[in-house]
Amino acid sequence: MDVNIKIVGLGEGGTKAINKMIAAGVGKNFSVEFIAIGNDENILLTSAARKNIFLNRDLTTIYKSMADALYGAKIIFIVGGLGGNAARASIPVIMSCAKLSDAATVAFVCKPSILENSSRKKNAERTLESLRGKADTLFIMPAEKFFVFRVNQPQVSLNELFDAADDVFCRGVKIFLDVLEMNAELFKFGEAAFGYGESTGALDAIKSAAKFPTLKEDEFKTAQKIFIRLESGKPLPLSSIDAVNNFIKAQLQPEAKFFLQEKIIPSLMEKVLASIICTRNINRRE
């Protein structure tokens, strides 16, 4: 799809996340450019992005660097944790640039965990105000949700927690871009959540995705639109598709809209991958 997309990684977490996206070929079907933004030169030196913006400069230079890097974008993805100074300094500028160029904004952001200090938590709340009601689509993920991915470990360090978050960010952006091929207006539906799962059958895969840690228990009941993507090694039986439809529709409000896409990927063989995006409209603030 010929849409100019910029994916911006903020700070150490965002930089690692876009490194994983680049390695995984995320966005290969689109015109995608990756940008890393941070205030630690050592972190930026690890970036695989073609454009890297160092924040420890004067504001005029920073603003111009960001405006130049984001120029021409139709959709801007923002990826990273909210607690750091990189997010606090750059998100308002990114949102300003997006508004000037009429670009849609999609944010995948992580709130600090209980292991982090109070200043980072306060930082995150202030930074979130730059996104809530302003971003076209906003995925907010509490860091505690990522403990689930390290559940078998007796102790979990912050670095391990962040690594799990980077993996989920990478997968989340990929899911969003995959579904974007089905519905180009997806990025205008306010606050959202996603999940993914896999199994040898479509129904089991979708049930696994529905239990994904970043999906709240009542996510389906409050959703206004649900996007489902099923990937399998061979065409799924109609009975399997019907089972998925019935499982999802049984949990939705009558007025909710439901979209399903099936994709055949021969390399998956007997495996079925399921992805879910739930969206809810929010009142936008200009």
# chains A, B, ... in the order shown; residues from 1 in each chain; ligands from 1

call {"tool": "select_by_dssp", "arguments": {"residues": "segment 89-246 of chain A", "states": "strand (DSSP E)", "output": "ChimeraX atom specification"}}
result
/A:104-111,137-142,190-199,225-232

call {"tool": "write_last_selection", "arguments": {"atoms": "N, CA and C atoms", "output": "mmCIF file, in the first residue's frame"}}
result
data_model
loop_
_atom_site.group_PDB
_atom_site.id
_atom_site.type_symbol
_atom_site.label_atom_id
_atom_site.label_comp_id
_atom_site.auth_asym_id
_atom_site.auth_seq_id
_atom_site.Cartn_x
_atom_site.Cartn_y
_atom_site.Cartn_z
ATOM 1 N N ALA A 104 -2.144 11.329 10.393
ATOM 2 C CA ALA A 104 -2.790 10.567 11.463
ATOM 3 C C ALA A 104 -1.716 10.073 12.431
ATOM 4 N N THR A 105 -2.081 9.925 13.692
ATOM 5 C CA THR A 105 -1.124 9.478 14.700
ATOM 6 C C THR A 105 -1.637 8.220 15.401
ATOM 7 N N VAL A 106 -0.752 7.250 15.548
ATOM 8 C CA VAL A 106 -1.053 5.991 16.233
ATOM 9 C C VAL A 106 0.031 5.788 17.285
ATOM 10 N N ALA A 107 -0.365 5.728 18.550
ATOM 11 C CA ALA A 107 0.626 5.632 19.626
ATOM 12 C C ALA A 107 0.514 4.302 20.361
ATOM 13 N N PHE A 108 1.649 3.609 20.492
ATOM 14 C CA PHE A 108 1.778 2.423 21.331
ATOM 15 C C PHE A 108 2.677 2.826 22.493
ATOM 16 N N VAL A 109 2.100 3.062 23.664
ATOM 17 C CA VAL A 109 2.890 3.579 24.774
ATOM 18 C C VAL A 109 2.685 2.728 26.023
ATOM 19 N N CYS A 110 3.712 2.730 26.854
ATOM 20 C CA CYS A 110 3.724 1.907 28.065
ATOM 21 C C CYS A 110 3.835 2.801 29.299
ATOM 22 N N LYS A 111 2.948 2.605 30.260
ATOM 23 C CA LYS A 111 3.020 3.337 31.520
ATOM 24 C C LYS A 111 4.028 2.647 32.443
ATOM 25 N N THR A 137 -5.319 7.060 17.216
ATOM 26 C CA THR A 137 -5.485 5.763 17.875
ATOM 27 C C THR A 137 -4.433 5.661 18.969
ATOM 28 N N LEU A 138 -4.871 5.253 20.153
ATOM 29 C CA LEU A 138 -3.979 5.235 21.308
ATOM 30 C C LEU A 138 -4.064 3.890 22.024
ATOM 31 N N PHE A 139 -2.940 3.174 22.032
ATOM 32 C CA PHE A 139 -2.810 1.928 22.782
ATOM 33 C C PHE A 139 -2.003 2.231 24.043
ATOM 34 N N ILE A 140 -2.620 2.095 25.211
ATOM 35 C CA ILE A 140 -1.934 2.341 26.479
ATOM 36 C C ILE A 140 -1.752 1.013 27.186
ATOM 37 N N MET A 141 -0.510 0.646 27.470
ATOM 38 C CA MET A 141 -0.241 -0.643 28.088
ATOM 39 C C MET A 141 0.462 -0.458 29.437
ATOM 40 N N PRO A 142 -0.195 -0.780 30.546
ATOM 41 C CA PRO A 142 0.480 -0.728 31.854
ATOM 42 C C PRO A 142 1.612 -1.748 31.896
ATOM 43 N N GLY A 190 -9.774 6.270 18.072
ATOM 44 C CA GLY A 190 -9.602 6.551 19.489
ATOM 45 C C GLY A 190 -8.791 5.537 20.270
ATOM 46 N N GLU A 191 -9.184 5.295 21.518
ATOM 47 C CA GLU A 191 -8.435 4.378 22.351
ATOM 48 C C GLU A 191 -8.681 2.942 21.893
ATOM 49 N N ALA A 192 -7.641 2.132 21.954
ATOM 50 C CA ALA A 192 -7.725 0.785 21.405
ATOM 51 C C ALA A 192 -6.884 -0.183 22.229
ATOM 52 N N ALA A 193 -7.091 -1.456 21.957
ATOM 53 C CA ALA A 193 -6.313 -2.513 22.601
ATOM 54 C C ALA A 193 -6.162 -3.641 21.596
ATOM 55 N N PHE A 194 -5.127 -4.447 21.774
ATOM 56 C CA PHE A 194 -4.917 -5.548 20.846
ATOM 57 C C PHE A 194 -4.468 -6.798 21.591
ATOM 58 N N GLY A 195 -4.623 -7.925 20.893
ATOM 59 C CA GLY A 195 -4.153 -9.189 21.432
ATOM 60 C C GLY A 195 -3.836 -10.138 20.301
ATOM 61 N N TYR A 196 -3.039 -11.146 20.582
ATOM 62 C CA TYR A 196 -2.737 -12.143 19.561
ATOM 63 C C TYR A 196 -2.499 -13.503 20.222
ATOM 64 N N GLY A 197 -2.719 -14.535 19.430
ATOM 65 C CA GLY A 197 -2.535 -15.887 19.930
ATOM 66 C C GLY A 197 -2.356 -16.850 18.775
ATOM 67 N N GLU A 198 -2.016 -18.078 19.080
ATOM 68 C CA GLU A 198 -1.827 -19.076 18.034
ATOM 69 C C GLU A 198 -2.229 -20.454 18.540
ATOM 70 N N SER A 199 -2.603 -21.310 17.598
ATOM 71 C CA SER A 199 -2.971 -22.676 17.909
ATOM 72 C C SER A 199 -2.999 -23.453 16.599
ATOM 73 N N LYS A 225 -15.760 -1.187 17.552
ATOM 74 C CA LYS A 225 -15.346 -1.902 16.346
ATOM 75 C C LYS A 225 -14.301 -2.936 16.720
ATOM 76 N N ILE A 226 -14.414 -4.119 16.125
ATOM 77 C CA ILE A 226 -13.465 -5.212 16.354
ATOM 78 C C ILE A 226 -12.913 -5.651 15.007
ATOM 79 N N PHE A 227 -11.597 -5.728 14.929
ATOM 80 C CA PHE A 227 -10.934 -6.203 13.716
ATOM 81 C C PHE A 227 -10.215 -7.505 14.039
ATOM 82 N N ILE A 228 -10.529 -8.543 13.275
ATOM 83 C CA ILE A 228 -9.927 -9.861 13.472
ATOM 84 C C ILE A 228 -9.139 -10.233 12.224
ATOM 85 N N ARG A 229 -7.935 -10.748 12.421
ATOM 86 C CA ARG A 229 -7.138 -11.263 11.313
ATOM 87 C C ARG A 229 -6.709 -12.685 11.651
ATOM 88 N N LEU A 230 -7.008 -13.609 10.749
ATOM 89 C CA LEU A 230 -6.608 -14.998 10.904
ATOM 90 C C LEU A 230 -5.593 -15.328 9.822
ATOM 91 N N GLU A 231 -4.453 -15.852 10.246
ATOM 92 C CA GLU A 231 -3.425 -16.276 9.293
ATOM 93 C C GLU A 231 -3.237 -17.786 9.435
ATOM 94 N N SER A 232 -3.242 -18.486 8.322
ATOM 95 C CA SER A 232 -3.126 -19.939 8.376
ATOM 96 C C SER A 232 -2.353 -20.445 7.168
#

call {"tool": "residues_around", "arguments": {"residues": "Ala23 of chain A", "least_positions_apart": "2", "cutoff": "12 Å", "atoms": "only C-alpha atoms", "output": "PyMOL selection string"}}
result
chain A and resi 16-21+25-28+34+47-49+167+170

call {"tool": "closest_residue", "arguments": {"among": "A:Arg57, A:Arg120, A:Lys74, A:Arg280", "to": "Glu33 of chain A", "atoms": "only C-alpha atoms"}}
result
A:Lys74

call {"tool": "residues_around", "arguments": {"residues": "Asp178 of chain A", "least_positions_apart": "5", "cutoff": "10 Å", "atoms": "only C-alpha atoms", "output": "VMD selection string"}}
result
chain A and resid 26 to 27 29 172 to 173 183 229 261 263 275

call {"tool": "atom_distance", "arguments": {"atom1": "atom CA of Ile37 of chain A", "atom2": "atom CA of Ala86 of chain A"}}
result
7.0 Å
